[in-house]
Amino acid sequence: KVNREGKIEKEKFCFVKILACRSPQIILIPSGSTLINPLKFRRSQDFYIVSLIELNCNDSTSIQSQWILKNNSNVISFDSQIETTFSEIFIPARKLPFGIFQLELTITLNKYPTLNHCSSVYVEIIPTNIIPNLVQLGTSMIT
């Protein structure tokens with residue numbers, strides 16, 4: 001820029017990028033599990049994991065969700081019996097073998113893909129308690 005005296009002046013520019021959105025927040029229910037202290041489900045029972053998703057965005061954008069099931073960091077592909085929706089996952093009885101699994105939900109804002117967020121819950125599939133009781137006269141009863 002040239003001033004009135006013909007001298008060149010330097011202009012100062014300051015670029016401020018204001019984000020209209022922040023990363024979404026995810027709460028999985030039931031929650032409070034860790035790899036060391038997972039939620040326990042019997043292999044004979046169905047279970048759901050439900051999520052509450054908070055979007056902090058003043059801009060219009062579409063969002064995507066993706067559920068991932070892992071066992072020892074290995075991704076396990078879903079089949080038709082494991083049902084997922086945008087915010088829920090349903091695991092039917094006897095679908096998973098015994099062990100500890102990580103269920104992870106990732107939410108991505110399409111307009112701001114770097115503002116994705118994921119949350120995990122750990123579940124342990126445990127045996128069903130079946131105790132055979134021997135009854136007189138050679139019959140048995142399962143409790």
# chains A, B, ... in the order shown; residues from 1 in each chain; ligands from 1
>>> closest_atom_pairs(of="stretch 30-90 of chain A", to="stretch 98-118 of chain A", cutoff="7 Å", atoms="only C-alpha atoms", output="CSV")
residue,atom,partner,partner_atom,distance
A:Thr61,CA,A:Lys111,CA,5.7
A:Ser62,CA,A:Asn110,CA,5.6
A:Ile63,CA,A:Leu109,CA,4.5
A:Gln64,CA,A:Thr108,CA,5.2
A:Ser65,CA,A:Ile107,CA,4.6
A:Gln66,CA,A:Thr106,CA,5.2
A:Trp67,CA,A:Leu105,CA,4.6
A:Ile68,CA,A:Glu104,CA,5.1
A:Leu69,CA,A:Leu103,CA,4.8
A:Lys70,CA,A:Gln102,CA,5.0
A:Asn71,CA,A:Phe101,CA,4.8
>>> atom_distance(atom1="atom CA of A:Val50", atom2="atom CA of A:Ala20")
27.3 Å
>>> closest_residue(among="A:Leu96, A:Ile26, A:Ile53, A:Leu35", to="A:Ile126", atoms="only C-alpha atoms")
A:Leu96
>>> atom_distance(atom1="atom CA of A:Phe47", atom2="atom CA of A:Phe90")
6.0 Å
>>> residues_around(residues="A:Ile27", least_positions_apart="4", cutoff="8 Å", atoms="only C-alpha atoms", output="PyMOL selection string")
chain A and resi 31+51-53+119
>>> atom_distance(atom1="atom CA of A:Gln45", atom2="atom CA of A:Tyr122")
16.3 Å
>>> closest_residue(among="A:Val121, A:Ile82, A:Ala93, A:Cys21", to="A:Arg43", atoms="only C-alpha atoms")
A:Ala93
>>> decode(residues="stretch 83-117 of chain A", atoms="N, CA, C and O atoms", output="PDB file, in the first residue's frame")
ATOM      1  N   GLU A  83     -28.037 -55.717  14.605  1.00  0.00           N
ATOM      2  CA  GLU A  83     -28.751 -54.580  14.030  1.00  0.00           C
ATOM      3  C   GLU A  83     -28.156 -53.275  14.541  1.00  0.00           C
ATOM      4  O   GLU A  83     -27.923 -53.119  15.740  1.00  0.00           O
ATOM      5  N   THR A  84     -27.934 -52.362  13.610  1.00  0.00           N
ATOM      6  CA  THR A  84     -27.461 -51.033  13.992  1.00  0.00           C
ATOM      7  C   THR A  84     -28.383 -49.984  13.395  1.00  0.00           C
ATOM      8  O   THR A  84     -28.930 -50.149  12.313  1.00  0.00           O
ATOM      9  N   THR A  85     -28.560 -48.921  14.154  1.00  0.00           N
ATOM     10  CA  THR A  85     -29.237 -47.733  13.649  1.00  0.00           C
ATOM     11  C   THR A  85     -28.246 -46.595  13.804  1.00  0.00           C
ATOM     12  O   THR A  85     -27.086 -46.816  14.170  1.00  0.00           O
ATOM     13  N   PHE A  86     -28.710 -45.387  13.558  1.00  0.00           N
ATOM     14  CA  PHE A  86     -27.837 -44.235  13.701  1.00  0.00           C
ATOM     15  C   PHE A  86     -27.238 -44.146  15.102  1.00  0.00           C
ATOM     16  O   PHE A  86     -26.068 -43.853  15.267  1.00  0.00           O
ATOM     17  N   SER A  87     -28.042 -44.477  16.117  1.00  0.00           N
ATOM     18  CA  SER A  87     -27.583 -44.264  17.493  1.00  0.00           C
ATOM     19  C   SER A  87     -27.653 -45.493  18.391  1.00  0.00           C
ATOM     20  O   SER A  87     -27.375 -45.392  19.565  1.00  0.00           O
ATOM     21  N   GLU A  88     -28.022 -46.661  17.856  1.00  0.00           N
ATOM     22  CA  GLU A  88     -28.153 -47.864  18.681  1.00  0.00           C
ATOM     23  C   GLU A  88     -27.523 -49.063  17.991  1.00  0.00           C
ATOM     24  O   GLU A  88     -27.428 -49.110  16.771  1.00  0.00           O
ATOM     25  N   ILE A  89     -27.147 -50.036  18.824  1.00  0.00           N
ATOM     26  CA  ILE A  89     -26.699 -51.327  18.307  1.00  0.00           C
ATOM     27  C   ILE A  89     -27.379 -52.412  19.143  1.00  0.00           C
ATOM     28  O   ILE A  89     -27.517 -52.272  20.361  1.00  0.00           O
ATOM     29  N   PHE A  90     -27.842 -53.455  18.474  1.00  0.00           N
ATOM     30  CA  PHE A  90     -28.517 -54.568  19.119  1.00  0.00           C
ATOM     31  C   PHE A  90     -27.708 -55.832  18.845  1.00  0.00           C
ATOM     32  O   PHE A  90     -27.424 -56.161  17.699  1.00  0.00           O
ATOM     33  N   ILE A  91     -27.315 -56.519  19.920  1.00  0.00           N
ATOM     34  CA  ILE A  91     -26.584 -57.777  19.809  1.00  0.00           C
ATOM     35  C   ILE A  91     -27.520 -58.885  20.312  1.00  0.00           C
ATOM     36  O   ILE A  91     -27.872 -58.914  21.485  1.00  0.00           O
ATOM     37  N   PRO A  92     -27.926 -59.796  19.429  1.00  0.00           N
ATOM     38  CA  PRO A  92     -28.816 -60.882  19.874  1.00  0.00           C
ATOM     39  C   PRO A  92     -28.077 -61.922  20.707  1.00  0.00           C
ATOM     40  O   PRO A  92     -26.852 -62.046  20.637  1.00  0.00           O
ATOM     41  N   ALA A  93     -28.842 -62.673  21.478  1.00  0.00           N
ATOM     42  CA  ALA A  93     -28.279 -63.745  22.318  1.00  0.00           C
ATOM     43  C   ALA A  93     -27.506 -64.736  21.451  1.00  0.00           C
ATOM     44  O   ALA A  93     -27.859 -64.990  20.306  1.00  0.00           O
ATOM     45  N   ARG A  94     -26.443 -65.270  22.012  1.00  0.00           N
ATOM     46  CA  ARG A  94     -25.609 -66.303  21.400  1.00  0.00           C
ATOM     47  C   ARG A  94     -24.943 -65.871  20.094  1.00  0.00           C
ATOM     48  O   ARG A  94     -24.472 -66.698  19.335  1.00  0.00           O
ATOM     49  N   LYS A  95     -24.903 -64.573  19.827  1.00  0.00           N
ATOM     50  CA  LYS A  95     -24.268 -64.093  18.598  1.00  0.00           C
ATOM     51  C   LYS A  95     -22.766 -63.948  18.767  1.00  0.00           C
ATOM     52  O   LYS A  95     -22.013 -64.229  17.854  1.00  0.00           O
ATOM     53  N   LEU A  96     -22.329 -63.494  19.946  1.00  0.00           N
ATOM     54  CA  LEU A  96     -20.899 -63.308  20.193  1.00  0.00           C
ATOM     55  C   LEU A  96     -20.372 -64.456  21.041  1.00  0.00           C
ATOM     56  O   LEU A  96     -21.061 -64.934  21.937  1.00  0.00           O
ATOM     57  N   PRO A  97     -19.141 -64.878  20.777  1.00  0.00           N
ATOM     58  CA  PRO A  97     -18.548 -65.908  21.632  1.00  0.00           C
ATOM     59  C   PRO A  97     -18.143 -65.302  22.980  1.00  0.00           C
ATOM     60  O   PRO A  97     -18.217 -64.095  23.182  1.00  0.00           O
ATOM     61  N   PHE A  98     -17.696 -66.144  23.896  1.00  0.00           N
ATOM     62  CA  PHE A  98     -17.227 -65.650  25.186  1.00  0.00           C
ATOM     63  C   PHE A  98     -16.003 -64.771  24.969  1.00  0.00           C
ATOM     64  O   PHE A  98     -15.189 -65.017  24.087  1.00  0.00           O
ATOM     65  N   GLY A  99     -15.887 -63.733  25.769  1.00  0.00           N
ATOM     66  CA  GLY A  99     -14.726 -62.854  25.671  1.00  0.00           C
ATOM     67  C   GLY A  99     -15.117 -61.408  25.883  1.00  0.00           C
ATOM     68  O   GLY A  99     -16.271 -61.078  26.158  1.00  0.00           O
ATOM     69  N   ILE A 100     -14.120 -60.518  25.716  1.00  0.00           N
ATOM     70  CA  ILE A 100     -14.312 -59.081  25.902  1.00  0.00           C
ATOM     71  C   ILE A 100     -14.302 -58.412  24.531  1.00  0.00           C
ATOM     72  O   ILE A 100     -13.438 -58.690  23.701  1.00  0.00           O
ATOM     73  N   PHE A 101     -15.271 -57.523  24.330  1.00  0.00           N
ATOM     74  CA  PHE A 101     -15.430 -56.833  23.059  1.00  0.00           C
ATOM     75  C   PHE A 101     -15.523 -55.330  23.292  1.00  0.00           C
ATOM     76  O   PHE A 101     -16.002 -54.887  24.331  1.00  0.00           O
ATOM     77  N   GLN A 102     -15.053 -54.584  22.318  1.00  0.00           N
ATOM     78  CA  GLN A 102     -15.177 -53.130  22.338  1.00  0.00           C
ATOM     79  C   GLN A 102     -16.194 -52.738  21.271  1.00  0.00           C
ATOM     80  O   GLN A 102     -16.062 -53.114  20.106  1.00  0.00           O
ATOM     81  N   LEU A 103     -17.210 -51.989  21.677  1.00  0.00           N
ATOM     82  CA  LEU A 103     -18.198 -51.451  20.752  1.00  0.00           C
ATOM     83  C   LEU A 103     -17.939 -49.945  20.660  1.00  0.00           C
ATOM     84  O   LEU A 103     -17.978 -49.245  21.669  1.00  0.00           O
ATOM     85  N   GLU A 104     -17.660 -49.479  19.456  1.00  0.00           N
ATOM     86  CA  GLU A 104     -17.257 -48.085  19.265  1.00  0.00           C
ATOM     87  C   GLU A 104     -18.209 -47.400  18.298  1.00  0.00           C
ATOM     88  O   GLU A 104     -18.513 -47.939  17.229  1.00  0.00           O
ATOM     89  N   LEU A 105     -18.667 -46.221  18.676  1.00  0.00           N
ATOM     90  CA  LEU A 105     -19.506 -45.401  17.816  1.00  0.00           C
ATOM     91  C   LEU A 105     -18.719 -44.160  17.420  1.00  0.00           C
ATOM     92  O   LEU A 105     -18.190 -43.455  18.284  1.00  0.00           O
ATOM     93  N   THR A 106     -18.640 -43.905  16.105  1.00  0.00           N
ATOM     94  CA  THR A 106     -17.977 -42.708  15.590  1.00  0.00           C
ATOM     95  C   THR A 106     -19.008 -41.831  14.888  1.00  0.00           C
ATOM     96  O   THR A 106     -19.770 -42.317  14.059  1.00  0.00           O
ATOM     97  N   ILE A 107     -19.019 -40.555  15.244  1.00  0.00           N
ATOM     98  CA  ILE A 107     -19.902 -39.571  14.621  1.00  0.00           C
ATOM     99  C   ILE A 107     -19.022 -38.602  13.840  1.00  0.00           C
ATOM    100  O   ILE A 107     -18.051 -38.066  14.372  1.00  0.00           O
ATOM    101  N   THR A 108     -19.372 -38.385  12.564  1.00  0.00           N
ATOM    102  CA  THR A 108     -18.599 -37.498  11.700  1.00  0.00           C
ATOM    103  C   THR A 108     -19.526 -36.455  11.086  1.00  0.00           C
ATOM    104  O   THR A 108     -20.603 -36.802  10.588  1.00  0.00           O
ATOM    105  N   LEU A 109     -19.114 -35.200  11.138  1.00  0.00           N
ATOM    106  CA  LEU A 109     -19.836 -34.117  10.468  1.00  0.00           C
ATOM    107  C   LEU A 109     -19.321 -34.059   9.035  1.00  0.00           C
ATOM    108  O   LEU A 109     -18.125 -33.856   8.811  1.00  0.00           O
ATOM    109  N   ASN A 110     -20.189 -34.222   8.062  1.00  0.00           N
ATOM    110  CA  ASN A 110     -19.744 -34.293   6.669  1.00  0.00           C
ATOM    111  C   ASN A 110     -19.057 -33.020   6.192  1.00  0.00           C
ATOM    112  O   ASN A 110     -18.080 -33.078   5.454  1.00  0.00           O
ATOM    113  N   LYS A 111     -19.530 -31.877   6.623  1.00  0.00           N
ATOM    114  CA  LYS A 111     -18.938 -30.605   6.202  1.00  0.00           C
ATOM    115  C   LYS A 111     -17.608 -30.336   6.905  1.00  0.00           C
ATOM    116  O   LYS A 111     -16.764 -29.610   6.403  1.00  0.00           O
ATOM    117  N   TYR A 112     -17.437 -30.935   8.104  1.00  0.00           N
ATOM    118  CA  TYR A 112     -16.218 -30.757   8.900  1.00  0.00           C
ATOM    119  C   TYR A 112     -15.687 -32.133   9.308  1.00  0.00           C
ATOM    120  O   TYR A 112     -15.816 -32.532  10.463  1.00  0.00           O
ATOM    121  N   PRO A 113     -15.109 -32.886   8.397  1.00  0.00           N
ATOM    122  CA  PRO A 113     -14.716 -34.271   8.715  1.00  0.00           C
ATOM    123  C   PRO A 113     -13.657 -34.390   9.808  1.00  0.00           C
ATOM    124  O   PRO A 113     -13.536 -35.441  10.430  1.00  0.00           O
ATOM    125  N   THR A 114     -12.921 -33.329  10.072  1.00  0.00           N
ATOM    126  CA  THR A 114     -11.926 -33.404  11.147  1.00  0.00           C
ATOM    127  C   THR A 114     -12.564 -33.278  12.527  1.00  0.00           C
ATOM    128  O   THR A 114     -11.919 -33.528  13.532  1.00  0.00           O
ATOM    129  N   LEU A 115     -13.832 -32.894  12.577  1.00  0.00           N
ATOM    130  CA  LEU A 115     -14.525 -32.746  13.854  1.00  0.00           C
ATOM    131  C   LEU A 115     -15.285 -34.016  14.214  1.00  0.00           C
ATOM    132  O   LEU A 115     -16.376 -33.972  14.752  1.00  0.00           O
ATOM    133  N   ASN A 116     -14.696 -35.147  13.929  1.00  0.00           N
ATOM    134  CA  ASN A 116     -15.365 -36.400  14.296  1.00  0.00           C
ATOM    135  C   ASN A 116     -15.080 -36.722  15.760  1.00  0.00           C
ATOM    136  O   ASN A 116     -14.171 -36.165  16.365  1.00  0.00           O
ATOM    137  N   HIS A 117     -15.885 -37.600  16.310  1.00  0.00           N
ATOM    138  CA  HIS A 117     -15.698 -38.002  17.702  1.00  0.00           C
ATOM    139  C   HIS A 117     -16.156 -39.444  17.841  1.00  0.00           C
ATOM    140  O   HIS A 117     -17.100 -39.872  17.180  1.00  0.00           O
TER     141      HIS A 117
END
